[in-house]
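Enquirer: Sharing query.tsv, TSV, C-alpha atoms and all ligand atoms:
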```tsv
chain	number	residue	atom	x	y	z
A	228	MET	CA	38.28	-1.75	-9.12
A	229	GLN	CA	35.86	-0.24	-6.65
A	230	LYS	CA	32.27	-1.03	-7.59
A	231	LYS	CA	29.49	1.55	-7.77
A	232	LYS	CA	26.92	1.18	-5.01
A	233	CYS	CA	23.16	1.29	-5.28
A	234	LEU	CA	21.08	1.34	-2.08
A	235	ILE	CA	17.59	-0.23	-1.91
A	236	VAL	CA	15.04	1.04	0.58
A	237	THR	CA	11.54	-0.33	1.28
A	238	GLY	CA	9.34	2.24	3.01
A	239	GLY	CA	5.76	2.62	4.24
A	240	GLY	CA	3.34	-0.24	4.85
A	241	ASP	CA	4.54	-3.60	3.55
A	242	CYS	CA	2.92	-5.29	0.60
A	243	PRO	CA	3.18	-8.67	-1.15
A	244	GLY	CA	5.85	-8.43	-3.87
A	245	LEU	CA	8.46	-6.23	-2.15
A	246	ASN	CA	10.92	-9.11	-1.96
A	247	ALA	CA	10.42	-9.93	-5.65
A	248	VAL	CA	11.45	-6.34	-6.51
A	249	ILE	CA	14.56	-6.58	-4.30
A	250	ARG	CA	15.56	-9.90	-5.88
A	251	ALA	CA	15.04	-8.56	-9.41
A	252	VAL	CA	17.21	-5.49	-8.76
A	253	VAL	CA	20.00	-7.70	-7.40
A	254	HIS	CA	19.79	-10.17	-10.31
A	255	ARG	CA	19.77	-7.42	-12.94
A	256	ALA	CA	22.64	-5.56	-11.23
A	257	GLU	CA	24.80	-8.68	-11.14
A	258	GLN	CA	24.71	-8.70	-14.94
A	259	GLU	CA	26.77	-5.49	-14.74
A	260	SER	CA	30.31	-6.05	-13.50
A	261	ASP	CA	30.71	-2.60	-11.93
A	262	TRP	CA	27.71	-2.41	-9.57
A	263	GLU	CA	26.85	-3.79	-6.16
A	264	ILE	CA	23.54	-3.57	-4.29
A	265	TRP	CA	23.06	-2.62	-0.66
A	266	GLY	CA	19.93	-2.50	1.49
A	267	SER	CA	19.05	-0.10	4.30
A	268	TYR	CA	17.12	-1.75	7.14
A	269	ASP	CA	13.67	-0.39	8.04
A	270	ALA	CA	13.38	2.17	5.25
A	271	PHE	CA	15.87	5.04	5.70
A	272	ASN	CA	16.32	4.21	9.41
A	273	GLY	CA	19.32	2.03	8.59
A	274	LEU	CA	21.04	5.06	7.13
A	275	LEU	CA	19.82	7.65	9.62
A	276	GLU	CA	20.27	5.99	13.00
A	277	ASP	CA	23.37	6.82	15.05
A	278	GLU	CA	24.66	3.35	14.28
A	279	MET	CA	24.00	2.52	10.63
A	280	ARG	CA	22.32	-0.77	9.67
A	281	LEU	CA	23.06	-1.62	6.06
A	282	VAL	CA	23.43	-4.98	4.32
A	283	LYS	CA	25.15	-6.00	1.10
A	284	LEU	CA	22.73	-7.95	-1.07
A	285	ASP	CA	23.84	-10.59	-3.53
A	286	LYS	CA	22.20	-13.49	-5.35
A	287	ARG	CA	22.77	-15.79	-2.40
A	288	LYS	CA	21.03	-13.40	0.03
A	289	VAL	CA	17.98	-13.01	-2.21
A	290	ALA	CA	17.68	-16.64	-3.29
A	291	GLY	CA	14.10	-17.89	-3.12
A	292	ILE	CA	12.57	-14.69	-1.78
A	293	HIS	CA	10.42	-13.96	-4.86
A	294	PHE	CA	7.37	-15.60	-3.31
A	295	LEU	CA	7.83	-14.41	0.27
A	296	GLY	CA	5.56	-11.72	1.68
A	297	GLY	CA	6.98	-8.80	3.66
A	298	THR	CA	10.45	-7.39	2.99
A	299	ILE	CA	13.77	-8.93	4.01
A	300	ILE	CA	15.18	-5.47	4.77
A	301	GLY	CA	12.22	-4.37	6.88
A	302	THR	CA	10.15	-1.22	6.62
A	303	THR	CA	8.51	1.50	8.67
A	304	ASN	CA	5.79	4.05	8.12
A	305	LYS	CA	7.05	6.32	10.87
A	306	GLY	CA	9.47	9.21	10.50
A	307	GLY	CA	11.87	9.56	7.57
A	308	PRO	CA	14.82	11.80	6.69
A	309	PHE	CA	12.79	15.03	6.87
A	310	ASN	CA	10.73	14.10	9.93
A	311	TRP	CA	12.99	12.14	12.23
A	312	PRO	CA	11.32	11.66	15.65
A	313	VAL	CA	13.44	12.69	18.65
A	314	LEU	CA	12.67	13.24	22.33
A	315	ASN	CA	13.35	16.82	23.42
A	316	GLU	CA	14.58	17.92	26.87
A	317	LYS	CA	11.00	18.25	28.09
A	318	GLY	CA	10.33	14.61	27.24
A	319	ASN	CA	8.11	15.44	24.25
A	320	TRP	CA	8.43	13.85	20.81
A	321	VAL	CA	9.39	16.34	18.13
A	322	THR	CA	10.78	15.83	14.64
A	323	GLU	CA	14.06	16.98	13.14
A	324	ASP	CA	15.39	17.16	9.59
A	325	ARG	CA	18.16	14.56	9.14
A	326	SER	CA	18.36	14.85	5.36
A	327	ASP	CA	21.74	16.62	5.42
A	328	LEU	CA	23.17	13.83	7.56
A	329	MET	CA	21.73	11.35	5.07
A	330	LEU	CA	23.38	13.09	2.10
A	331	GLN	CA	26.68	13.19	3.96
A	332	ARG	CA	26.50	9.46	4.74
A	333	LEU	CA	25.58	8.56	1.15
A	334	GLN	CA	28.67	10.46	0.05
A	335	GLU	CA	30.96	8.89	2.66
A	336	LEU	CA	29.73	5.42	1.69
A	337	ASN	CA	30.14	6.17	-2.05
A	338	ILE	CA	26.50	5.30	-2.71
A	339	GLU	CA	25.73	6.63	-6.16
A	340	ALA	CA	22.11	5.61	-6.54
A	341	VAL	CA	19.09	4.98	-4.33
A	342	ILE	CA	16.05	2.89	-5.29
A	343	ASN	CA	13.13	3.80	-3.02
A	344	ILE	CA	10.27	1.27	-3.09
A	345	GLY	CA	7.18	2.78	-1.50
A	346	GLY	CA	3.76	4.40	-1.79
A	347	ASP	CA	2.75	8.03	-2.07
A	348	GLY	CA	4.35	9.09	1.24
A	349	SER	CA	7.65	7.38	0.37
A	350	GLN	CA	7.66	8.83	-3.15
A	351	ALA	CA	7.06	12.32	-1.72
A	352	ILE	CA	10.26	11.73	0.29
A	353	SER	CA	11.99	10.55	-2.94
A	354	GLN	CA	11.03	13.82	-4.64
A	355	GLN	CA	12.35	15.92	-1.74
A	356	LEU	CA	15.61	13.94	-1.74
A	357	PHE	CA	15.92	14.30	-5.51
A	358	GLU	CA	15.52	18.07	-5.14
A	359	LYS	CA	18.38	17.95	-2.63
A	360	GLY	CA	20.59	16.21	-5.18
A	361	VAL	CA	20.13	12.53	-4.34
A	362	GLN	CA	20.29	10.29	-7.44
A	363	ILE	CA	17.08	8.47	-6.74
A	364	ILE	CA	14.65	6.18	-8.59
A	365	GLY	CA	11.15	5.37	-7.27
A	366	VAL	CA	9.27	2.08	-7.40
A	367	PRO	CA	5.53	2.37	-6.64
A	368	LYS	CA	4.03	0.09	-4.00
A	369	THR	CA	0.63	-0.01	-2.36
A	370	ILE	CA	-2.12	-2.56	-1.94
A	371	ASP	CA	-4.60	0.32	-2.23
A	372	ASN	CA	-3.66	0.91	-5.92
A	373	ASP	CA	-4.16	4.64	-5.39
A	374	LEU	CA	-1.18	5.93	-7.42
A	375	SER	CA	-2.35	7.37	-10.73
A	376	ALA	CA	0.90	7.27	-12.72
A	377	THR	CA	0.87	3.49	-13.04
A	378	ASP	CA	-1.89	1.20	-14.33
A	379	MET	CA	-1.35	-0.98	-11.28
A	380	THR	CA	0.85	-1.41	-8.22
A	381	PHE	CA	2.10	-4.83	-7.13
A	382	GLY	CA	0.42	-6.33	-4.05
A	383	TYR	CA	-2.96	-4.92	-5.02
A	384	GLN	CA	-4.17	-8.00	-6.92
A	385	THR	CA	-2.99	-10.25	-4.07
A	386	ALA	CA	-5.00	-8.11	-1.64
A	387	VAL	CA	-8.05	-8.37	-3.92
A	388	GLU	CA	-7.62	-12.15	-3.97
A	389	THR	CA	-7.41	-12.29	-0.15
A	390	ALA	CA	-10.49	-10.07	0.20
A	391	THR	CA	-12.46	-12.12	-2.35
A	392	GLN	CA	-11.63	-15.36	-0.55
A	393	ALA	CA	-12.93	-13.74	2.65
A	394	VAL	CA	-16.22	-12.78	0.94
A	395	ASP	CA	-16.55	-16.35	-0.38
A	396	LYS	CA	-16.11	-17.73	3.13
A	397	LEU	CA	-18.54	-15.27	4.69
A	398	VAL	CA	-21.20	-16.00	2.07
A	399	THR	CA	-21.56	-19.59	3.28
A	400	THR	CA	-21.79	-18.69	6.96
A	401	ALA	CA	-24.14	-15.77	6.16
A	402	ALA	CA	-26.40	-18.13	4.18
A	403	SER	CA	-26.36	-20.81	6.90
A	404	HIS	CA	-27.30	-18.37	9.69
A	405	HIS	CA	-29.49	-16.06	7.57
A	406	ARG	CA	-27.33	-13.12	8.62
A	407	ILE	CA	-26.02	-9.95	7.10
A	408	PHE	CA	-22.24	-10.04	7.03
A	409	ILE	CA	-20.12	-6.91	6.77
A	410	LEU	CA	-16.53	-7.38	5.61
A	411	GLU	CA	-14.27	-4.38	6.25
A	412	VAL	CA	-11.31	-4.23	3.88
A	413	MET	CA	-8.41	-1.80	3.46
A	414	GLY	CA	-8.70	1.28	1.28
A	415	ARG	CA	-7.86	4.58	2.93
A	416	ASN	CA	-8.87	6.94	0.13
A	417	ALA	CA	-9.56	4.59	-2.76
A	418	GLY	CA	-12.09	1.77	-2.84
A	419	TRP	CA	-10.44	-0.49	-5.41
A	420	ILE	CA	-10.04	-3.52	-3.14
A	421	ALA	CA	-13.63	-3.26	-1.86
A	422	LEU	CA	-15.12	-2.82	-5.31
A	423	ASN	CA	-13.20	-5.72	-6.87
A	424	ALA	CA	-13.90	-8.07	-3.96
A	425	ALA	CA	-17.61	-7.14	-3.96
A	426	ILE	CA	-17.96	-7.87	-7.68
A	427	ALA	CA	-15.84	-11.04	-7.59
A	428	GLY	CA	-17.56	-12.29	-4.43
A	429	GLY	CA	-21.11	-11.43	-5.50
A	430	ALA	CA	-21.81	-9.08	-2.57
A	431	GLU	CA	-25.08	-7.15	-2.36
A	432	VAL	CA	-23.63	-3.85	-1.08
A	433	CYS	CA	-20.25	-2.18	-1.57
A	434	LEU	CA	-19.26	1.03	0.23
A	435	ILE	CA	-16.16	2.96	-0.78
A	436	PRO	CA	-14.47	6.20	0.35
A	437	GLU	CA	-15.28	7.97	-2.91
A	438	ILE	CA	-19.08	7.57	-2.51
A	439	PRO	CA	-20.36	8.61	0.96
A	440	TYR	CA	-23.26	6.31	1.78
A	441	ASN	CA	-26.88	6.92	2.60
A	442	ILE	CA	-28.10	4.44	5.23
A	443	ASP	CA	-31.72	4.59	4.05
A	444	SER	CA	-30.68	3.55	0.57
A	445	ILE	CA	-28.69	0.58	1.98
A	446	VAL	CA	-31.61	-0.53	4.15
A	447	LYS	CA	-33.92	-0.33	1.13
A	448	SER	CA	-31.61	-2.41	-1.03
A	449	LEU	CA	-31.25	-5.01	1.75
A	450	LYS	CA	-34.99	-5.30	2.42
A	451	PRO	CA	-35.69	-8.25	0.12
A	452	ARG	CA	-32.64	-10.02	1.63
A	453	SER	CA	-33.19	-9.33	5.31
A	454	ASP	CA	-36.85	-9.83	6.13
A	455	GLY	CA	-37.60	-13.43	5.26
A	456	LYS	CA	-36.49	-16.43	7.33
A	457	ARG	CA	-34.08	-17.77	4.75
A	458	SER	CA	-32.51	-14.53	3.58
A	459	PHE	CA	-28.93	-13.34	3.95
A	460	ALA	CA	-26.67	-10.65	2.49
A	461	ASN	CA	-23.02	-9.67	2.19
A	462	ILE	CA	-21.63	-6.15	2.41
A	463	VAL	CA	-18.06	-5.12	1.61
A	464	ILE	CA	-16.98	-1.80	3.11
A	465	ALA	CA	-13.65	-0.02	2.72
A	466	GLU	CA	-12.04	1.22	5.95
A	467	GLY	CA	-12.21	4.81	4.61
A	468	ALA	CA	-15.96	4.72	3.82
A	469	ARG	CA	-18.24	7.19	5.64
A	470	PRO	CA	-21.90	8.18	5.71
A	471	VAL	CA	-23.06	11.29	3.83
A	472	GLY	CA	-22.12	14.28	6.00
A	473	GLY	CA	-20.15	12.04	8.39
A	474	LYS	CA	-16.48	11.52	9.09
A	475	VAL	CA	-14.23	8.50	8.60
A	476	SER	CA	-14.05	6.21	11.60
A	477	GLY	CA	-10.79	5.91	13.60
A	478	TYR	CA	-8.40	7.77	15.88
A	479	ASN	CA	-5.07	9.54	15.98
A	480	PRO	CA	-2.48	7.12	17.36
A	481	GLN	CA	0.07	8.52	19.80
A	482	GLN	CA	3.09	6.99	18.09
A	483	PRO	CA	6.12	9.18	17.49
A	484	GLY	CA	6.58	9.91	13.80
A	485	TYR	CA	3.35	8.19	12.69
A	486	ALA	CA	1.55	10.68	10.50
A	487	ASN	CA	-1.51	8.66	9.43
A	488	PHE	CA	-4.95	8.79	10.99
A	489	HIS	CA	-5.61	5.20	12.13
A	490	LEU	CA	-8.73	4.07	10.28
A	491	SER	CA	-10.83	1.54	12.16
A	492	GLY	CA	-14.45	0.89	12.97
A	493	ALA	CA	-16.18	1.60	9.64
A	494	GLY	CA	-17.72	-1.91	9.57
A	495	HIS	CA	-18.91	-1.85	13.19
A	496	ARG	CA	-20.38	1.61	12.78
A	497	LEU	CA	-22.37	0.37	9.79
A	498	ALA	CA	-23.61	-2.65	11.79
A	499	TRP	CA	-24.83	-0.29	14.53
A	500	GLU	CA	-26.50	1.98	11.95
A	501	LEU	CA	-28.32	-0.99	10.39
A	502	GLU	CA	-29.59	-2.07	13.79
A	503	GLN	CA	-30.74	1.47	14.58
A	504	GLU	CA	-32.66	1.46	11.31
A	505	GLY	CA	-34.55	-1.62	12.43
A	506	VAL	CA	-33.01	-4.17	10.07
A	507	LYS	CA	-34.37	-7.50	11.31
A	508	ALA	CA	-31.59	-9.89	10.31
A	509	GLU	CA	-28.65	-10.40	12.65
A	510	VAL	CA	-25.57	-8.47	11.57
A	511	ARG	CA	-21.98	-9.63	12.04
A	512	VAL	CA	-18.72	-7.87	11.17
A	513	SER	CA	-15.34	-9.23	10.04
A	514	VAL	CA	-12.34	-6.96	9.73
A	515	LEU	CA	-9.76	-8.30	7.31
A	516	GLY	CA	-7.04	-5.76	8.19
A	517	HIS	CA	-3.41	-6.61	7.67
A	518	LEU	CA	-4.14	-10.11	6.36
A	519	GLN	CA	-4.41	-8.22	3.06
A	520	ARG	CA	-0.83	-7.01	3.35
A	521	GLY	CA	0.80	-10.31	4.25
A	522	GLY	CA	1.34	-13.65	2.60
A	523	ILE	CA	2.45	-14.98	-0.73
A	524	PRO	CA	2.05	-12.64	-3.71
A	525	ILE	CA	-0.03	-14.13	-6.52
A	526	ALA	CA	1.78	-14.80	-9.83
A	527	PHE	CA	0.57	-11.53	-11.40
A	528	ASP	CA	2.12	-9.47	-8.59
A	529	ARG	CA	5.38	-11.44	-8.69
A	530	VAL	CA	5.70	-10.73	-12.41
A	531	LEU	CA	4.80	-7.05	-11.96
A	532	ALA	CA	7.22	-6.68	-9.03
A	533	THR	CA	10.03	-8.47	-10.88
A	534	SER	CA	9.50	-6.28	-13.96
A	535	PHE	CA	9.55	-3.15	-11.76
A	536	GLY	CA	12.85	-4.29	-10.22
A	537	VAL	CA	14.54	-4.94	-13.57
A	538	LYS	CA	13.26	-1.63	-14.99
A	539	ALA	CA	14.29	0.30	-11.86
A	540	PHE	CA	17.88	-0.88	-12.10
A	541	GLU	CA	17.94	-0.12	-15.84
A	542	MET	CA	16.78	3.40	-14.95
A	543	VAL	CA	19.79	3.61	-12.61
A	544	LEU	CA	22.06	2.63	-15.54
A	545	ALA	CA	20.35	5.24	-17.74
A	546	GLU	CA	20.67	7.82	-14.91
A	547	GLU	CA	16.97	8.66	-14.98
A	548	TRP	CA	17.12	10.34	-11.57
A	549	GLY	CA	13.93	11.70	-10.06
A	550	LYS	CA	11.81	9.24	-12.01
A	551	MET	CA	9.57	6.37	-10.99
A	552	VAL	CA	8.95	3.10	-12.80
A	553	ALA	CA	5.34	2.68	-13.95
A	554	TYR	CA	3.26	0.01	-15.66
A	555	LYS	CA	1.45	1.26	-18.74
A	556	PHE	CA	0.05	-1.87	-20.26
A	557	PRO	CA	1.86	-3.62	-21.90
A	558	ASP	CA	5.03	-1.61	-21.15
A	559	TYR	CA	7.18	-0.65	-18.20
A	560	VAL	CA	8.01	3.04	-18.47
A	561	SER	CA	9.51	5.85	-16.39
A	562	VAL	CA	7.58	8.91	-15.21
A	563	PRO	CA	8.71	11.94	-13.17
A	564	ILE	CA	8.12	11.26	-9.45
A	565	LYS	CA	6.65	14.74	-9.02
A	566	ASP	CA	3.90	13.91	-11.53
A	567	ALA	CA	3.31	10.50	-9.96
A	568	ILE	CA	2.56	12.00	-6.53
A	569	ALA	CA	0.52	14.92	-7.87
A	570	GLU	CA	-2.61	12.91	-8.62
A	571	TYR	CA	-4.30	9.97	-6.93
A	572	ASN	CA	-6.04	7.04	-8.55
A	573	TYR	CA	-9.51	7.28	-7.06
A	574	VAL	CA	-12.52	5.25	-8.15
A	575	ASP	CA	-14.30	7.63	-10.49
A	576	ALA	CA	-18.10	7.79	-10.26
A	577	ASP	CA	-18.10	7.01	-14.00
A	578	ALA	CA	-15.49	4.24	-13.77
A	579	SER	CA	-16.34	1.17	-15.82
A	580	LEU	CA	-16.07	-0.96	-12.67
A	581	ILE	CA	-18.78	1.18	-11.03
A	582	HIS	CA	-20.89	0.53	-14.12
A	583	THR	CA	-20.24	-3.22	-13.74
A	584	ALA	CA	-21.21	-3.12	-10.05
A	585	ARG	CA	-24.45	-1.30	-10.78
A	586	GLY	CA	-25.11	-3.67	-13.68
A	587	VAL	CA	-25.16	-6.68	-11.38
A	588	GLY	CA	-27.32	-4.88	-8.83
A	589	ILE	CA	-24.70	-4.07	-6.20
A	590	SER	CA	-25.87	-1.16	-4.06
A	591	LEU	CA	-23.22	1.52	-3.62
A	592	GLY	CA	-25.21	3.22	-0.90
A	593	GLU	CA	-26.03	6.21	-3.12
A	601	LIG	O1	-1.57	2.22	2.59
A	601	LIG	C1	-2.03	0.95	2.70
A	601	LIG	C2	-2.75	0.70	3.96
A	601	LIG	O2	-2.95	-0.65	3.86
A	601	LIG	C3	-4.06	1.46	4.19
A	601	LIG	O3	-5.15	0.96	3.50
A	601	LIG	C4	-4.20	1.36	5.70
A	601	LIG	O4	-5.03	2.36	6.21
A	601	LIG	C5	-2.80	1.51	6.15
A	601	LIG	O5	-1.99	0.93	5.13
A	601	LIG	C6	-2.52	0.89	7.49
A	601	LIG	O6	-1.18	0.94	7.77
A	601	LIG	P1	-0.49	0.56	9.17
A	601	LIG	O7	-1.48	-0.13	10.03
A	601	LIG	O8	0.67	-0.30	8.80
A	601	LIG	O9	-0.04	1.84	9.73
```
Write out the structure in this file as structure tokens.
Ligand code: F6P
Expert:
Amino acid sequence: MQKKKCLIVTGGGDCPGLNAVIRAVVHRAEQESDWEIWGSYDAFNGLLEDEMRLVKLDKRKVAGIHFLGGTIIGTTNKGGPFNWPVLNEKGNWVTEDRSDLMLQRLQELNIEAVINIGGDGSQAISQQLFEKGVQIIGVPKTIDNDLSATDMTFGYQTAVETATQAVDKLVTTAASHHRIFILEVMGRNAGWIALNAAIAGGAEVCLIPEIPYNIDSIVKSLKPRSDGKRSFANIVIAEGARPVGGKVSGYNPQQPGYANFHLSGAGHRLAWELEQEGVKAEVRVSVLGHLQRGGIPIAFDRVLATSFGVKAFEMVLAEEWGKMVAYKFPDYVSVPIKDAIAEYNYVDADASLIHTARGVGISLGE
């Protein structure tokens, strides 16, 4: 008997826990005698390239991957079925819609279901594919935790852990040298990683994308920590933070199919601003960058990712097409993908974590 095929795709930036989801889907599917799991390499590229790159996944292939960072089937945050980058006759990069080719190939390969593991951009693609008739299930992924439909995304707590360890390490060098240390962490639109790491690490200042900062207010809050001989301070800033009336720091990379603005420089800009304002203490900057996306997922994220994988395959069995798995403590539920991508999970000015930060005297640069 020919088995039904389900294709797994990991898209967008990688994140600790992706492999645990893949493994869980495979393990759950092998409990059903009539299903087999396939993977497409580098998001949908494996299905869309002239020569397809797909792999059959079984228990042997996914053995021991639950604690590995990255994704065994690769990923990309460039292009996609609706924006496939191609070079035109003039030598310029343009994009073309390859979604019809994708549908045709899914049909030829007898792939009945697709599980798309990815963040907001990837889930927007899932919704478009669903509207074209693809039987698709979404699994949310992002270290930024900026998807509103789920209480949490896997990889986020691991990133918070990595960022907190960095604050802890910088505190000792800041104290020894009587310096102000600025740690720049990820967080394009949402400051969850910065806020958690600042509270957990006991930082003095935390700057997030949701609250544009006022440099005078930061200087004032640092005064008691930056004038004396034995003073020091720690600042955590999200990459998407910006001064009041200013823009985010970064540039537009010239990479075909890459849609994101490349955020970089928020921490160094702040260091320069502090110097301009006459802050006496020496200022140093550390940029944590992609260290937050790599490495071993902490136990919480492995459990969340594994639960997402099991639930996602059960949604395939229940034919809940066009839906995304979500964590609503203490349950794993399904929500329409279109609702999941409609609203972001920003740090609210009234969020209880903001209250906590203020309560321990962290300056938010207001
Ligand atoms: O979406 C998660 C994220 O980590 C953002 O915080 C960051 O701006 C972006 O990915 C960077 O992605 P990349 O360098 O892989 O393009």
Enquirer: Ranking A:Thr303, A:Asn441, A:Thr389, A:Ser353 by minimum distance to Ala427 of chain A and counting all atoms listed in the file, which one comes first?
Expert: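 Result for the nearest residue to Ala427 of chain A: A:Thr389.
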Enquirer: Pick the closest to Ala486 of chain A from A:Gly346, A:Asn310, A:Ile264, A:Ser513: which is it, counting all atoms listed in the file?
Expert: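 Looking only at the distances to Ala486 of chain A, the closest residue turns out to be A:Asn310.
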Enquirer: Could you make a table, as JSON lines, of the residues of chain A that have an atom within 6 Å of an atom of ligand LIG 601 (chain A), each with its nearest atom pair and distance in Å to one decimal, counting all atoms listed in the file, in chain and number order?
Expert:
```
{"residue": "A:Gly240", "atom": "CA", "partner": "A:LIG601", "partner_atom": "O8", "distance": 4.8}
{"residue": "A:Thr369", "atom": "CA", "partner": "A:LIG601", "partner_atom": "C1", "distance": 5.8}
{"residue": "A:Ile370", "atom": "CA", "partner": "A:LIG601", "partner_atom": "C1", "distance": 5.8}
{"residue": "A:Asp371", "atom": "CA", "partner": "A:LIG601", "partner_atom": "C1", "distance": 5.6}
{"residue": "A:Met413", "atom": "CA", "partner": "A:LIG601", "partner_atom": "O3", "distance": 4.3}
{"residue": "A:Gly414", "atom": "CA", "partner": "A:LIG601", "partner_atom": "O3", "distance": 4.2}
{"residue": "A:Arg415", "atom": "CA", "partner": "A:LIG601", "partner_atom": "O3", "distance": 4.6}
{"residue": "A:Leu490", "atom": "CA", "partner": "A:LIG601", "partner_atom": "O4", "distance": 5.8}
```
Enquirer: Could you turn the residues from that selection into a file that holds C-alpha atoms, as a compact mmCIF listing (two decimals), keeping the file's coordinate frame?
Expert:
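Listed below is the output, result_34.txt:
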```
# COMPACT_ATOMS: atom_id res chain seq x y z
CA GLY A 240 3.34 -0.24 4.85
CA THR A 369 0.63 -0.01 -2.36
CA ILE A 370 -2.12 -2.56 -1.94
CA ASP A 371 -4.60 0.32 -2.23
CA MET A 413 -8.41 -1.80 3.46
CA GLY A 414 -8.70 1.28 1.28
CA ARG A 415 -7.86 4.58 2.93
CA LEU A 490 -8.73 4.07 10.28
```
Enquirer: Quick check, in Å to one decimal: how far apart do atom CA of Pro312 of chain A and atom CA of Lys359 of chain A lie?
Expert: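 Spanning atom CA of Pro312 of chain A to atom CA of Lys359 of chain A is a straight-line distance of 20.6 Å.
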Enquirer: Between segment 333-376 of chain A and segment 550-555 of chain A, at 7 Å or less, what are the per-residue closest atom pairs and their distances in Å? Count only C-alpha atoms, order by chain and rising residue number, and return it as a tab-separated table.
Expert:
```
residue	atom	partner	partner_atom	distance
A:Ile364	CA	A:Lys550	CA	5.4
A:Gly365	CA	A:Met551	CA	4.2
A:Val366	CA	A:Val552	CA	5.5
A:Ala376	CA	A:Ala553	CA	6.5
```
Enquirer: For a quick check of understanding, using all atoms listed in the file, which of A:Pro243, A:Pro451, A:Pro308, A:Pro483 has the smallest distance to Glu323 of chain A?
Expert: A:Pro308
Enquirer: Using all atoms listed in the file for the distances, tell me which of A:Asp324, A:Gly549, A:Lys317, A:Val562 is nearest to Gly360 of chain A.
Expert: A:Gly549
Enquirer: For the interface of segment 442-559 of chain A with segment 569-591 of chain A (cut-off 10 Å, counting all atoms listed in the file), please tabulate each contacting residue of segment 442-559 of chain A alongside its nearest pair of atoms and their separation in Å to one decimal, rows sorted by chain and increasing number, as a tab-separated table.
Expert:
```
residue	atom	partner	partner_atom	distance
A:Ser444	CA	A:Ser590	CA	8.2
A:Ile445	CA	A:Ser590	CA	6.9
A:Lys447	CA	A:Ser590	CA	9.6
A:Ser448	CA	A:Ser590	CA	6.6
A:Leu449	CA	A:Ser590	CA	8.8
A:Ile462	CA	A:Ser590	CA	9.2
A:Val463	CA	A:Leu591	CA	9.9
A:Ile464	CA	A:Leu591	CA	9.8
```
Enquirer: May I ask which of the residues A:Leu544, A:Ala251, A:Leu314, A:Val560 is the closest one to Cys233 of chain A, counting all atoms listed in the file?
Expert: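 Of A:Leu544, A:Ala251, A:Leu314, A:Val560, the one nearest Cys233 of chain A is A:Leu544, counting all atoms listed in the file.
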Enquirer: Set the distance at 10 Å and use all atoms listed in the file: which residues neighbour Ile523 of chain A once local chain neighbours fewer than 6 positions away are removed? I'd like the list as a PDB file with C-alpha atoms, in the frame of the given file.
Expert:
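part.pdb written:
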```
ATOM      1  CA  CYS A 242       2.920  -5.290   0.600  1.00  0.00           C
ATOM      2  CA  PRO A 243       3.180  -8.670  -1.150  1.00  0.00           C
ATOM      3  CA  GLY A 244       5.850  -8.430  -3.870  1.00  0.00           C
ATOM      4  CA  HIS A 293      10.420 -13.960  -4.860  1.00  0.00           C
ATOM      5  CA  PHE A 294       7.370 -15.600  -3.310  1.00  0.00           C
ATOM      6  CA  LEU A 295       7.830 -14.410   0.270  1.00  0.00           C
ATOM      7  CA  GLY A 296       5.560 -11.720   1.680  1.00  0.00           C
ATOM      8  CA  GLY A 297       6.980  -8.800   3.660  1.00  0.00           C
ATOM      9  CA  GLY A 382       0.420  -6.330  -4.050  1.00  0.00           C
ATOM     10  CA  THR A 385      -2.990 -10.250  -4.070  1.00  0.00           C
ATOM     11  CA  ARG A 529       5.380 -11.440  -8.690  1.00  0.00           C
TER      12      ARG A 529
END
```
Enquirer: Which residues come within 7 Å of Ala424 of chain A, counting all atoms listed in the file, excluding same-chain residues fewer than 2 positions away, as a PyMOL selection string?
Expert: chain A and resi 387+390-391+420-422+426-428
Enquirer: Find the spatial neighbours of Asn337 of chain A, counting all atoms listed in the file, within a cut-off of 9 Å - ignore same-chain residues fewer than 5 positions away - and output them as a PyMOL selection string.
Expert: chain A and resi 231-232+332
Enquirer: So how many Å separate atom CA of Phe459 of chain A and atom CA of Ser491 of chain A, to one decimal?
Expert: 24.8 Å
Enquirer: Which value, in Å to one decimal, gives the distance between atom CA of Pro470 of chain A and atom CA of Glu431 of chain A?
Expert: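 Taking atom CA of Pro470 of chain A and atom CA of Glu431 of chain A, their separation equals 17.6 Å.
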Enquirer: Fix up segment 520-526 of chain A with N, CA and C atoms, then write it as a tab-separated table (two decimals), in the coordinates of the input.
Expert:
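And here's result-v9.tsv as it stands now:
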```tsv
chain	number	residue	atom	x	y	z
A	520	ARG	N	-2.19	-7.49	3.65
A	520	ARG	CA	-0.83	-7.01	3.35
A	520	ARG	C	0.20	-8.13	3.42
A	521	GLY	N	-0.19	-9.25	4.07
A	521	GLY	CA	0.80	-10.31	4.25
A	521	GLY	C	0.64	-11.43	3.24
A	522	GLY	N	1.49	-12.43	3.38
A	522	GLY	CA	1.34	-13.65	2.60
A	522	GLY	C	2.01	-13.62	1.25
A	523	ILE	N	1.77	-14.72	0.55
A	523	ILE	CA	2.45	-14.98	-0.73
A	523	ILE	C	1.83	-14.14	-1.85
A	524	PRO	N	2.64	-13.39	-2.59
A	524	PRO	CA	2.05	-12.64	-3.71
A	524	PRO	C	1.59	-13.59	-4.81
A	525	ILE	N	0.44	-13.29	-5.41
A	525	ILE	CA	-0.03	-14.13	-6.52
A	525	ILE	C	0.92	-13.92	-7.71
A	526	ALA	N	0.84	-14.83	-8.70
A	526	ALA	CA	1.78	-14.80	-9.83
A	526	ALA	C	1.81	-13.43	-10.51
```
